[in-house]
Structure formats: structure tokens, C-alpha cells
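Student: Below you'll find the structure I mean.
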Amino acid sequence: MADIAGTLRTGKLARLGLLDDAAQEDAAALLAAIGDLETVRVLFVDQHGILRGKTLVASALGSAFTSGIAAPSTLLLKDTSHRTVFPVWSPDAGIASGPMQGANDILLVPVPTTFRRLPWSPHSAWIFCDTVFRDGTAIPFSSRRVLQTAIDQLADEGMSATIGLEVEFHIFQLLDPALAHADTTMPARPPQTQALAQGYQFLTETRYGEVEEVLDQLRRAAQDLGLAVRSVEIEMGPSQFEFTFDPAGPMEQADALVMFRTMVKEVCARRGLHATFMPKPRVENAAASGWHIHQSVCDIKTGANLFMPNADQNLTSQASGWIAGLLAHASESCLLTSPTVNGYKRYQPFQLAPNRIVWGHDNRGAMVRGLFGYGDAASRVENRAPDTAANPYFALAAQLVSGLRGITAELNAPPPSADPYGDGSTALPSTLGQAIDAFAASPLYRETFGDECVDYLVRLKGAEWDRYLNAVSEWEQAEYFSLY
């Protein structure tokens, strides 16, 4: 153990200040207890919330803590089709703060507290990493850095956030995995599937009994990863399910959601099933999936929930300001909470998803649902606009930054709406293009995360939007191919 600690203390990461004393102690304990493990998947969360990385043999993990792991910088420059959309072969790759020309390397810095043995692959484990430039300087649009910036801003005001997760998704039986050579395009052709269970039978016991074996396996795997599962539910649509989790801090919950999404897809794949967190799958009768972010703010010194109302049941100034901030910055935040073309097809009236920028008391049609009660330490708000395809680090950063700005600017929430689909309030963006424009013009996000981070995401998602606009749809083919 002492030898391991000494090696870590003199390693490159420690010299660059990227592995502090606490992380060195955690890493040394981890390496000393690695036991019969064969492989470790050294991973980072990319700009889309997808895990990427390399698999090391267990005996090589020590080098990851001393020197880091090199990975191509282009992994941070790809859109959702896995195309690199920045000009890395030109003198100016479009990234100002660090070198990304020629598909050169960035550095992965393991975070020891994220180490998890994989219950569905017991010879292997995960560990998540921060990403930095090769000289150790920060990458301004790194997922974990963006969220940490928001957490630090909240702490500077004497507050911390508590986040609760509700995550909806689908599991389908796999009929054709689309592995023919003609299917291996960018992006690959989608597999052919059928429902795992019929619907619509929201929260019915018999439907749960039919799929209990699969849901039990997912629940046990989640719990073995250390995820605090609270409930397992049959959702509205056929083959649609929901897991909820105990409240925790923002970084812990962002890590948890990435782990959960990846675990579900990997475990289901081993069973010949296809799991998807796509917001609105294009299959008959599918219901849209949302990611409902419950959030409250506590005083760091006292631990008191600053959203809990007094006996008069009026909103506290912090709760009022937080709601007002979420509403005021809703449009510009949508790129972070609903980052795909598909996500905006979920914003439909009377579908338990919002389509307008309003809040309401315990109203599931409102964008922000207020859940407050005198003496209720769980008093909170729920943002129902995000979807399950979001990068959770970016989405949670959006909540903290928007809500905090509402408090510091002393904004007041408008009156709650009882008619969230018809009261004439401002509509949420209806397309990814509108969300990109709103985010690009946001003084809040440029001030908080910097022009480079904003411009990076605008360019990245703009490439995705342009590909969508240039694709000829089935609707166009049916409408015009025979008519003209």
C-alpha cells in the first residue's frame, strides 16, 4: 500500500495537480483491493452523455492513476452520428483554448470514487474520468467541468442542491439487429423490434408481473452498482418503464444516470432485448419518455430546505426565485435539457409533457411542478421539460445556473397556472433549431460557462440540425414523388 501511494504521489497526474491527496488515497486503496478483476473500462462521458473510453487489463490500472490515459481529441468533436464536425485537419480546429488539430490526444484522469464492479460482467469494472488537455489544463466544455462550475457557483452563495431522478425508457424484443453490411452506416440503421409487453396499462400489477424477470435483473444490477433505486414502475405506453432514485447531490446523480442508462442497454442486449432512452421512438403506439428532475436547495450551514414553506404556505423567496429563474431561462436551457431533433416532438399538449413555459402547484402538465408543504422537508420543484437523451451533467448544470440566477436577481415567480396547455403563456421551443438559436443568444450561459463552451455546443448541435434539414423524409417522398 505504501509503495502504491509513493508511486501515485510522484506520478504525472499528481505533479500536474490533477490527483489531489484525497484522490491519491482513494486510488491507492482501490489498487490494493483489485483482487481477481481482469479488465477495467476507463471511460469518460462525452458531449452527448455517452460513455467512451478504453479497456485496460487490471494490472495496467495503476498507470491510469500515475500518467492518465491518452484518447483522441476527436471524441469530443463528434455529433450524434459519430462524425467529427470540427476541421481538425486545418490549422484552426475551431477550439480556442487548447490544441485539437490533427486528431491529437486529450488526457483522461480517473475519478476513484466512480469505480464500480459490473454485476453483469463480474470480471470487469468501470471507472469514470475527467478530461483535460495534454498539459493538464481544463477543457471548458467537459461534461463534469460544466456541472462542477454550476455546483461551485451555488456553493459560493451558501447553498447546495438536492436532485431526485425519475427516468422513463422503453425495452423492446429484438427481431433483427440490423447487422448486414448495408446497415452499418453513420448512424447505423435502427434494429427491428416488437413490444415486450402490451399497453396502455399504466401502473397495472398484472403487466408488472409479466415483465418482472427483466425488471428485477435491471433493479438488482442498479443496486449492485450502488444506485439508490426507489421504485420500479410500469409507465404509460407499451414496453415503457420508469425507475426512480433516492435524492442525492447533482454530481452523484449525473454519474448515476449515465451508469443506469448504460447498464440498462448492456444488460438488455445480453438478453436479446433493445433498450432505448430515445424521447419519442418511431414505433406504433409508443409513448414519449421524459426525465423529470426534482430539485431543492439547502442552506449549506444549517442543512435547512430553503424551499419548505412556512405555515402560511406561501413560497419562500428562494423557491419563488428558483422557479422564476427556471422559467426565465427555459428556452435557452432547452439545448441542454432536450438536445436532439426528436426531443421536441415530445412537447405536445395533454400528453403529461409540457409545451409552455409555466409552473403550477402539483400540475403534471406544467413545465415546472411545485411540490411544497408546510413541515415537508422534501418540498421541491420538478422540471418536466428535460428528456432521457440529455447529457445529465449539462442538464443539471442548466437547473442550477437558471435557478440560482432567479434567486440572485431577486426574481419572483408568476402566479401558478391551472391551465398549462391553454393559458396563452410562451411556448417552449418547438424545434432543435429554435433551441440552438436561444442558447447561442444566452447572456447567462456565455457569462457562466464562457463563449467557447457555448459556441462549441452551438456548432456541434448545429451540424446535427443541418443534417436533419437536408435529409429527405418519408413524408416528403409520399407527398411529392407521385404528385409532381
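Labels for the C-alpha cells follow display order: chains A, B, ..., residues from 1 in each chain, ligands from 1.
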Can you check which residues of region 10-53 of chain A DSSP gives as alpha helix (DSSP H) on the backbone and send them as a PyMOL selection string?
Tutor: chain A and resi 12-15+21-32
Student: Export C-alpha atoms of the chosen residues as an mmCIF file, in the first residue's frame?
Tutor:
data_model
loop_
_atom_site.group_PDB
_atom_site.id
_atom_site.type_symbol
_atom_site.label_atom_id
_atom_site.label_comp_id
_atom_site.auth_asym_id
_atom_site.auth_seq_id
_atom_site.Cartn_x
_atom_site.Cartn_y
_atom_site.Cartn_z
ATOM 1 C CA LYS A 12 2.399 12.854 -13.757
ATOM 2 C CA LEU A 13 -1.197 13.423 -12.657
ATOM 3 C CA ALA A 14 -0.125 14.348 -9.119
ATOM 4 C CA ARG A 15 2.601 16.673 -10.436
ATOM 5 C CA ASP A 21 -4.176 13.889 -1.709
ATOM 6 C CA ALA A 22 -7.678 12.521 -1.137
ATOM 7 C CA ALA A 23 -7.854 11.083 -4.658
ATOM 8 C CA GLN A 24 -4.411 9.525 -4.217
ATOM 9 C CA GLU A 25 -5.562 7.795 -1.025
ATOM 10 C CA ASP A 26 -8.725 6.526 -2.741
ATOM 11 C CA ALA A 27 -6.734 5.324 -5.742
ATOM 12 C CA ALA A 28 -4.176 3.530 -3.570
ATOM 13 C CA ALA A 29 -6.929 1.716 -1.654
ATOM 14 C CA LEU A 30 -8.642 0.779 -4.910
ATOM 15 C CA LEU A 31 -5.457 -0.605 -6.481
ATOM 16 C CA ALA A 32 -4.622 -2.593 -3.351
#
Student: Env of Ser425 (chain A): 12 Å cut, atoms = only C-alpha atoms, seq-sep filter 3 positions within chain, self excluded. Answer as JSON, numbers by chain.
Tutor: {"A": [327, 354, 355, 356, 357, 358, 359, 366, 367, 414, 415, 416, 417, 418, 419, 420, 421, 422, 428]}
Student: Emit the selected residues as a short mmCIF file (atom, residue, chain, number, x, y, z; two decimals), in the first residue's frame, including N, CA and C atoms.
Tutor:
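In the end it all went to part.cif:
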data_model
loop_
_atom_site.label_atom_id
_atom_site.label_comp_id
_atom_site.auth_asym_id
_atom_site.auth_seq_id
_atom_site.Cartn_x
_atom_site.Cartn_y
_atom_site.Cartn_z
N LEU A 327 -38.05 29.40 -15.32
CA LEU A 327 -38.97 29.85 -16.36
C LEU A 327 -38.30 30.89 -17.26
N PRO A 354 -44.80 19.00 -20.97
CA PRO A 354 -45.13 20.42 -21.13
C PRO A 354 -44.99 20.88 -22.57
N ASN A 355 -45.67 21.95 -22.93
CA ASN A 355 -45.40 22.62 -24.19
C ASN A 355 -45.33 24.14 -24.00
N ARG A 356 -45.51 24.61 -22.76
CA ARG A 356 -45.45 26.04 -22.47
C ARG A 356 -44.61 26.29 -21.22
N ILE A 357 -44.13 27.51 -21.11
CA ILE A 357 -43.23 27.88 -20.01
C ILE A 357 -44.08 28.41 -18.86
N VAL A 358 -44.59 27.49 -18.05
CA VAL A 358 -45.44 27.84 -16.91
C VAL A 358 -45.08 26.94 -15.74
N TRP A 359 -45.57 27.32 -14.56
CA TRP A 359 -45.46 26.44 -13.41
C TRP A 359 -46.84 26.30 -12.79
N ALA A 366 -47.71 21.18 -16.35
CA ALA A 366 -46.86 22.37 -16.32
C ALA A 366 -45.40 21.99 -16.50
N MET A 367 -44.62 22.92 -17.04
CA MET A 367 -43.19 22.67 -17.18
C MET A 367 -42.54 22.48 -15.82
N PRO A 414 -44.25 33.96 -11.27
CA PRO A 414 -45.59 34.44 -11.61
C PRO A 414 -46.63 33.59 -10.91
N PRO A 415 -47.90 33.98 -10.96
CA PRO A 415 -48.94 33.13 -10.37
C PRO A 415 -48.94 31.75 -11.02
N PRO A 416 -49.21 30.70 -10.26
CA PRO A 416 -49.24 29.35 -10.83
C PRO A 416 -50.39 29.20 -11.81
N SER A 417 -50.18 28.35 -12.80
CA SER A 417 -51.20 28.12 -13.82
C SER A 417 -51.99 26.87 -13.49
N ALA A 418 -53.29 26.94 -13.68
CA ALA A 418 -54.14 25.76 -13.58
C ALA A 418 -54.51 25.22 -14.94
N ASP A 419 -54.07 25.92 -16.00
CA ASP A 419 -54.40 25.55 -17.39
C ASP A 419 -53.12 25.61 -18.22
N PRO A 420 -52.17 24.70 -17.96
CA PRO A 420 -50.83 24.85 -18.54
C PRO A 420 -50.77 24.69 -20.05
N TYR A 421 -51.79 24.10 -20.66
CA TYR A 421 -51.78 23.93 -22.11
C TYR A 421 -52.58 25.02 -22.83
N GLY A 422 -53.27 25.88 -22.10
CA GLY A 422 -54.14 26.82 -22.79
C GLY A 422 -54.20 28.21 -22.22
N LEU A 428 -42.61 26.61 -25.29
CA LEU A 428 -41.26 26.08 -25.35
C LEU A 428 -40.81 26.01 -26.80
#
Student: Taking only C-alpha atoms into account, which of A:Glu213, A:Asp387, A:Glu205, A:Glu233 comes nearest Asn342 (chain A)?
Tutor: A:Asp387
Student: So which one's closest to Phe202 (chain A), A:Leu457, A:Ala287, A:Ile106, A:Leu37? Using only C-alpha atoms, please.
Tutor: A:Ala287
Student: Using only C-alpha atoms, what does the table of region 294-405 of chain A residues within 7 Å of region 133-155 of chain A look like, with each row giving the shortest atom pair and its distance in Å to one decimal, sorted by chain and ascending number, as CSV?
Tutor:
residue,atom,partner,partner_atom,distance
A:Tyr393,CA,A:Leu147,CA,5.3
A:Phe394,CA,A:Leu147,CA,6.3
A:Leu396,CA,A:Leu147,CA,6.9
A:Ala397,CA,A:Leu147,CA,4.8
A:Leu400,CA,A:Ala150,CA,6.0
A:Val401,CA,A:Ala150,CA,5.8
A:Leu404,CA,A:Leu154,CA,6.7
Student: My list of candidates is A:Ser442, A:Thr184, A:Asn391, A:Thr7. Which is closest to Gln253 (chain A) when distances are computed with only C-alpha atoms?
Tutor: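 Closest residue, counting only C-alpha atoms: A:Asn391.
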Student: Rounded to one decimal place, report the CA of Asp451 (chain A)-CA of Cys334 (chain A) distance in Å.
Tutor: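 About the pair CA of Asp451 (chain A) and CA of Cys334 (chain A): they are 17.6 Å apart.
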Student: Taking only C-alpha atoms into account, which of A:Leu218, A:Ile436, A:Val368, A:Ala254 comes nearest Thr162 (chain A)?
Tutor: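 Of A:Leu218, A:Ile436, A:Val368, A:Ala254, the one nearest Thr162 (chain A) is A:Ala254, counting only C-alpha atoms.
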Student: Could you check which of A:Ala385, A:Ala188, A:Leu225, A:Met100 is closest to Thr114 (chain A), using only C-alpha atoms?
Tutor: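 Smallest separation from Thr114 (chain A) among the options: A:Leu225.
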Student: Quick one: pull the distance between CA of Ala33 (chain A) and CA of Leu16 (chain A), Å, one decimal.
Tutor: 25.8 Å
Student: Can you work out which one of A:Gly360, A:Gly164, A:Pro122, A:Pro191 has the shortest atom-to-atom distance to Gly35 (chain A), counting only C-alpha atoms?
Tutor: A:Pro122
Student: Set the distance at 10 Å and use only C-alpha atoms: which residues neighbour Pro72 (chain A) once local chain neighbours fewer than 2 positions away are removed? I'd like the list as a list in words.
Tutor: Gly53, Ala70, Thr74, Leu75, Leu76, Leu77, Met100, Gly102, Ala103, Asn104, Asp105, Ile106 and Leu107 of chain A
